[in-house]
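See below for the structure under consideration.
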Protein chains: 2
Amino acid sequence: MSRAPVRVVLADDERMVRTALRVILDAEEGIEVVGEATTGAEAVSVVRELRPDVVLMDVRMPEIDGIRATEQILATLEDPPRIVVVTTFENDAYVYDALHAGAAGFLLKRAAAEELVQAVRLVACGDSLLYPAAVRTLAAEHAARQPARAPAWVARLTGREADVLRLMAAGLTNAEIAGRLSVGPATAKTHVAAVLAKTGARDRTQAVIAAYESGFITPG
Amino acid sequence: MSRAPVRVVLADDERMVRTALRVILDAEEGIEVVGEATTGAEAVSVVRELRPDVVLMDVRMPEIDGIRATEQILATLEDPPRIVVVTTFENDAYVYDALHAGAAGFLLKRAAAEELVQAVRLVACGDSLLYPAAVRTLAAEHAARQPARAPAWVARLTGREADVLRLMAAGLTNAEIAGRLSVGPATAKTHVAAVLAKTGARDRTQAVIAAYESGFITPG
DNA sequence: CGGGTTCTCCCCCGCGCGGCGGAGGCGGAT
DNA sequence: ATCCGCCTCCGCCGCGCGGGGGAGAACCCG
């Protein structure tokens with residue numbers, strides 16, 4: 001049916017990630033990577049110019065993050081592209097914002113190449129599958145309630161430390177955290193130690209409790 | 001990659017719907033419709049027998065509706081199939097229940113054949129795409145706003161074990177728990193071990209997470 | 001240019017933790 | 001009277017964890 005290839009723009013500040021995505025997608029028939037961006041601002045302008053069908057948007061980017069970029073693109077362009085937000089952790093707090101911003105889907109950085117390709121094809125032809133408006137309504141509901149007060153220590157956490165705390169709160173060991181973040185075990189330990197210090201926790205269990213009690217992460 | 005065809009079971013009380021789905025899927029390479037069911041109860045037994053990779057489950061069915069059937073399948077089978085719930089309207093109230101029941105996705109009856117095929121292929125190889133745990137969490141949140149029912153393991157906890165889990169979730173060490181309960185450290189260890197076994201947790205941290213996620217204890 | 005922050009990684013050490021198996025008492029159910 | 005579940009306690013053992021220290025590289029900012 002869709003004769004024309006799916007035109008894709010990649011937005012990620014890490015060259016390696018962009019290259020990986022490009023290699024995978026370019027090898028695919030019917031998919032064409034037509035542009036790249038390294039910042040959120042660049043993503044907006046590139047998309048405005050190239051008018052792709054799909055955008056793979058990283059969350060963490062300089063200048064403007066992926067969420068704001070998504071908002072701007074969807075707000076300012078008519079017949080906007082489908083935007084897939086790329087995250088490292090599926091329970092990253094950003095996914096709620098991404099939903100609210102109107103992203104067409106998520107993609108984990110550890111996703112298989114096959115999943116990536118299917119994701120692009122899928123969103124290119126509509127998002128009524130697996131992702132109905134009802135889910136978006138849920139997200140809106142979630143965003144609507146509570147600004148959620150957070151203790152001071154949350155702000156003091158560095159990005160990496162926040163990542164680590166999220167993984168701790170998922171029940172991972174130091175070694176598993178290291179694997180998930182693609183760093184050495186010693187590094188994971190360092191971050192864990194920093195989290196314990198900043199949260200005032202004695203051990204990882206207390207840190208996880210603090211994460212729940214502060215609203216840093218929320219139970220089902 | 002996946003040499004073996006995707007084995008699908010269709011559960012719908014309307015013959016026309018089943019036929020339509022079968023025609024579409026059988027025409028597809030790598031997808032094989034191995035069975036059908038016309039009621040929820042039949043769906044459970046058919047799935048139990050045939051062990052398909054994917055189930056397309058209608059919501060409205062005689063005897064047992066698709067939601068309950070989904071719950072039963074996911075609860076009783078190990079390595080259960082991915083279940084896609086078929087609805088007529090995307091904002092059908094059932095989708096919340098479906099999410100909560102652990103469905104891998106939605107499919108609208110008016111979806112295009114192409115979407116249907118992609119849905120099957122997609123869920124067959126994992127649901128980390130477009131449908132992360134976070135979304136499921138949202139649904140659980142929504143559902144939690146009345147029933148708030150706990151997993152099976154909560155009921156299986158003895159009184160003492162429940163006490164211990166509460167103290168674990170307060171961040172106490174084994175020795176501190178022993179002191180608080182006026183028992184020996186060895187006893188506390190025994191109870192902790194029992195809690196870990198019954199919750200399926202690997203360590204006390206995962207047990208505390210389970211306590212929060214199940215609503216056994218609530219933040220704030 | 002230098003200073004601050006962050007991320008990365010290394011060493012050593014002590015200990016709490018979790019897994020293992022066993023044991024005795026005590027109550028209710030059959 | 002018998003069985004079973006719960007609570008109580010005991011050892012042993014390996015390992016992951018947390019505390020302490022230090023160190024190099026990248027980056028931003030003044």
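If you're wondering about the labels, chains in the structure tokens are A, B, ... by order shown, residues count from 1 in each chain, ligands from 1 in order shown.
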Hey, which bits of chain A sit within 10 Å of chain D, and for each residue what's the closest pair of atoms and how far apart in Å (one decimal), counting only C-alpha atoms (C1' of nucleotides), rows by chain and increasing number, as a Markdown table?
```
| residue | atom | partner | partner_atom | distance |
| --- | --- | --- | --- | --- |
| A:Thr173 | CA | D:DG16 | C1' | 8.3 |
| A:Asn174 | CA | D:DG16 | C1' | 8.5 |
| A:Ala175 | CA | D:DG16 | C1' | 9.4 |
| A:Lys189 | CA | D:DG18 | C1' | 8.9 |
| A:Val192 | CA | D:DG18 | C1' | 9.4 |
| A:Ala193 | CA | D:DG18 | C1' | 7.6 |
| A:Leu196 | CA | D:DG18 | C1' | 9.4 |
| A:Arg202 | CA | D:DG18 | C1' | 8.5 |
| A:Asp203 | CA | D:DG18 | C1' | 7.3 |
| A:Arg204 | CA | D:DC17 | C1' | 8.9 |
```
Same residues, C-alpha atoms, saved as a PDB file, in the first residue's frame:
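The file below, selection.pdb, is the result:
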```pdb
ATOM      1  CA  THR A 173      21.541  -5.019  42.438  1.00  0.00           C
ATOM      2  CA  ASN A 174      24.620  -2.884  41.941  1.00  0.00           C
ATOM      3  CA  ALA A 175      25.904  -5.222  39.266  1.00  0.00           C
ATOM      4  CA  LYS A 189      28.643   1.602  43.570  1.00  0.00           C
ATOM      5  CA  VAL A 192      24.645   4.303  44.892  1.00  0.00           C
ATOM      6  CA  ALA A 193      26.833   5.644  47.675  1.00  0.00           C
ATOM      7  CA  LEU A 196      22.535   7.001  50.054  1.00  0.00           C
ATOM      8  CA  ARG A 202      21.506   3.812  55.648  1.00  0.00           C
ATOM      9  CA  ASP A 203      21.121   1.227  52.938  1.00  0.00           C
ATOM     10  CA  ARG A 204      19.463   0.782  49.558  1.00  0.00           C
TER      11      ARG A 204
END
```
Each chain A residue no farther than 8 Å from chain C, nearest pair in Å, only C-alpha atoms (C1' of nucleotides), as JSON lines:
```
{"residue": "A:Thr158", "atom": "CA", "partner": "C:DT6", "partner_atom": "C1'", "distance": 7.9}
{"residue": "A:Gly184", "atom": "CA", "partner": "C:DC9", "partner_atom": "C1'", "distance": 7.3}
{"residue": "A:Ala186", "atom": "CA", "partner": "C:DC9", "partner_atom": "C1'", "distance": 6.1}
{"residue": "A:Thr187", "atom": "CA", "partner": "C:DT8", "partner_atom": "C1'", "distance": 6.2}
```
With N, CA and C atoms retained, write the just-selected residues as a PDB file, in the first residue's frame.
```pdb
ATOM      1  N   THR A 158      22.110  14.260  41.008  1.00  0.00           N
ATOM      2  CA  THR A 158      22.532  14.480  39.629  1.00  0.00           C
ATOM      3  C   THR A 158      21.719  13.560  38.728  1.00  0.00           C
ATOM      4  N   GLY A 184      30.877   0.437  34.663  1.00  0.00           N
ATOM      5  CA  GLY A 184      31.498  -0.570  35.512  1.00  0.00           C
ATOM      6  C   GLY A 184      30.797  -0.680  36.841  1.00  0.00           C
ATOM      7  N   ALA A 186      32.072  -0.591  39.749  1.00  0.00           N
ATOM      8  CA  ALA A 186      32.595   0.397  40.688  1.00  0.00           C
ATOM      9  C   ALA A 186      31.850   1.716  40.538  1.00  0.00           C
ATOM     10  N   THR A 187      31.555   2.072  39.320  1.00  0.00           N
ATOM     11  CA  THR A 187      30.826   3.317  39.068  1.00  0.00           C
ATOM     12  C   THR A 187      29.419   3.250  39.650  1.00  0.00           C
TER      13      THR A 187
END
```
Can you pull out every residue within 12 Å of Arg166 (chain B), counting only C-alpha atoms (C1' of nucleotides), but drop anything in the same chain fewer than 6 positions away, and send it as a PDB file with N, CA and C atoms, in the first residue's frame?
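So the final result, stored in around-v5.pdb, reads:
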```
ATOM      1  N   ILE A 209      12.647   3.387  50.026  1.00  0.00           N
ATOM      2  CA  ILE A 209      11.530   3.887  50.818  1.00  0.00           C
ATOM      3  C   ILE A 209      11.419   5.408  50.658  1.00  0.00           C
TER       4      ILE A 209
ATOM      5  N   VAL B 154      -0.362 -11.512  49.616  1.00  0.00           N
ATOM      6  CA  VAL B 154      -0.643 -10.795  50.850  1.00  0.00           C
ATOM      7  C   VAL B 154      -1.447 -11.671  51.800  1.00  0.00           C
ATOM      8  N   LEU B 157       0.496 -14.298  53.758  1.00  0.00           N
ATOM      9  CA  LEU B 157       1.404 -13.910  54.832  1.00  0.00           C
ATOM     10  C   LEU B 157       0.769 -14.213  56.183  1.00  0.00           C
ATOM     11  N   GLY B 159       0.475 -13.573  60.314  1.00  0.00           N
ATOM     12  CA  GLY B 159       0.443 -12.324  61.071  1.00  0.00           C
ATOM     13  C   GLY B 159       1.827 -11.805  61.382  1.00  0.00           C
ATOM     14  N   ARG B 160       2.667 -12.705  61.822  1.00  0.00           N
ATOM     15  CA  ARG B 160       4.027 -12.303  62.179  1.00  0.00           C
ATOM     16  C   ARG B 160       4.791 -11.809  60.953  1.00  0.00           C
ATOM     17  N   LEU B 172      14.013  -0.994  58.683  1.00  0.00           N
ATOM     18  CA  LEU B 172      14.746  -1.605  59.791  1.00  0.00           C
ATOM     19  C   LEU B 172      15.599  -2.788  59.327  1.00  0.00           C
ATOM     20  N   THR B 173      16.694  -3.023  60.047  1.00  0.00           N
ATOM     21  CA  THR B 173      17.529  -4.192  59.794  1.00  0.00           C
ATOM     22  C   THR B 173      16.923  -5.385  60.529  1.00  0.00           C
ATOM     23  N   ILE B 177      14.431  -5.262  63.736  1.00  0.00           N
ATOM     24  CA  ILE B 177      13.116  -5.903  63.708  1.00  0.00           C
ATOM     25  C   ILE B 177      12.977  -6.837  64.905  1.00  0.00           C
ATOM     26  N   ARG B 180      12.328  -4.814  67.958  1.00  0.00           N
ATOM     27  CA  ARG B 180      11.003  -4.231  67.967  1.00  0.00           C
ATOM     28  C   ARG B 180       9.930  -5.263  68.298  1.00  0.00           C
ATOM     29  N   LEU B 181      10.160  -6.486  67.862  1.00  0.00           N
ATOM     30  CA  LEU B 181       9.166  -7.535  68.096  1.00  0.00           C
ATOM     31  C   LEU B 181       9.487  -8.353  69.346  1.00  0.00           C
ATOM     32  N   HIS B 191      11.545 -15.072  59.683  1.00  0.00           N
ATOM     33  CA  HIS B 191      10.351 -14.412  59.150  1.00  0.00           C
ATOM     34  C   HIS B 191      10.682 -13.643  57.872  1.00  0.00           C
ATOM     35  N   VAL B 192      11.814 -12.986  57.880  1.00  0.00           N
ATOM     36  CA  VAL B 192      12.226 -12.246  56.683  1.00  0.00           C
ATOM     37  C   VAL B 192      12.364 -13.203  55.505  1.00  0.00           C
ATOM     38  N   VAL B 195       9.032 -14.059  54.212  1.00  0.00           N
ATOM     39  CA  VAL B 195       8.458 -12.948  53.441  1.00  0.00           C
ATOM     40  C   VAL B 195       9.063 -12.913  52.040  1.00  0.00           C
ATOM     41  N   ARG B 204      15.491  -7.890  50.586  1.00  0.00           N
ATOM     42  CA  ARG B 204      14.526  -7.091  51.334  1.00  0.00           C
ATOM     43  C   ARG B 204      14.075  -5.873  50.532  1.00  0.00           C
ATOM     44  N   ALA B 207      11.317  -6.843  48.354  1.00  0.00           N
ATOM     45  CA  ALA B 207      10.136  -7.105  49.174  1.00  0.00           C
ATOM     46  C   ALA B 207       9.435  -5.794  49.518  1.00  0.00           C
ATOM     47  N   VAL B 208      10.214  -4.786  49.857  1.00  0.00           N
ATOM     48  CA  VAL B 208       9.636  -3.485  50.185  1.00  0.00           C
ATOM     49  C   VAL B 208       8.954  -2.886  48.955  1.00  0.00           C
ATOM     50  N   ILE B 209       9.594  -3.030  47.811  1.00  0.00           N
ATOM     51  CA  ILE B 209       8.983  -2.556  46.574  1.00  0.00           C
ATOM     52  C   ILE B 209       7.645  -3.239  46.357  1.00  0.00           C
ATOM     53  N   ALA B 210       7.630  -4.542  46.526  1.00  0.00           N
ATOM     54  CA  ALA B 210       6.388  -5.296  46.363  1.00  0.00           C
ATOM     55  C   ALA B 210       5.325  -4.796  47.340  1.00  0.00           C
ATOM     56  N   ALA B 211       5.742  -4.467  48.547  1.00  0.00           N
ATOM     57  CA  ALA B 211       4.808  -3.976  49.557  1.00  0.00           C
ATOM     58  C   ALA B 211       4.174  -2.666  49.105  1.00  0.00           C
ATOM     59  N   TYR B 212       4.983  -1.799  48.528  1.00  0.00           N
ATOM     60  CA  TYR B 212       4.457  -0.522  48.032  1.00  0.00           C
ATOM     61  C   TYR B 212       3.573  -0.742  46.812  1.00  0.00           C
ATOM     62  N   GLY B 215       0.174  -2.105  47.433  1.00  0.00           N
ATOM     63  CA  GLY B 215      -0.716  -1.356  48.302  1.00  0.00           C
ATOM     64  C   GLY B 215      -0.727  -1.894  49.716  1.00  0.00           C
ATOM     65  N   PHE B 216       0.154  -2.869  49.979  1.00  0.00           N
ATOM     66  CA  PHE B 216       0.244  -3.416  51.341  1.00  0.00           C
ATOM     67  C   PHE B 216       0.606  -2.302  52.308  1.00  0.00           C
ATOM     68  N   ILE B 217       1.474  -1.430  51.881  1.00  0.00           N
ATOM     69  CA  ILE B 217       1.725  -0.186  52.610  1.00  0.00           C
ATOM     70  C   ILE B 217       1.664   0.965  51.613  1.00  0.00           C
ATOM     71  N   THR B 218       1.256   2.117  52.095  1.00  0.00           N
ATOM     72  CA  THR B 218       1.087   3.255  51.195  1.00  0.00           C
ATOM     73  C   THR B 218       1.969   4.421  51.636  1.00  0.00           C
TER      74      THR B 218
END
```
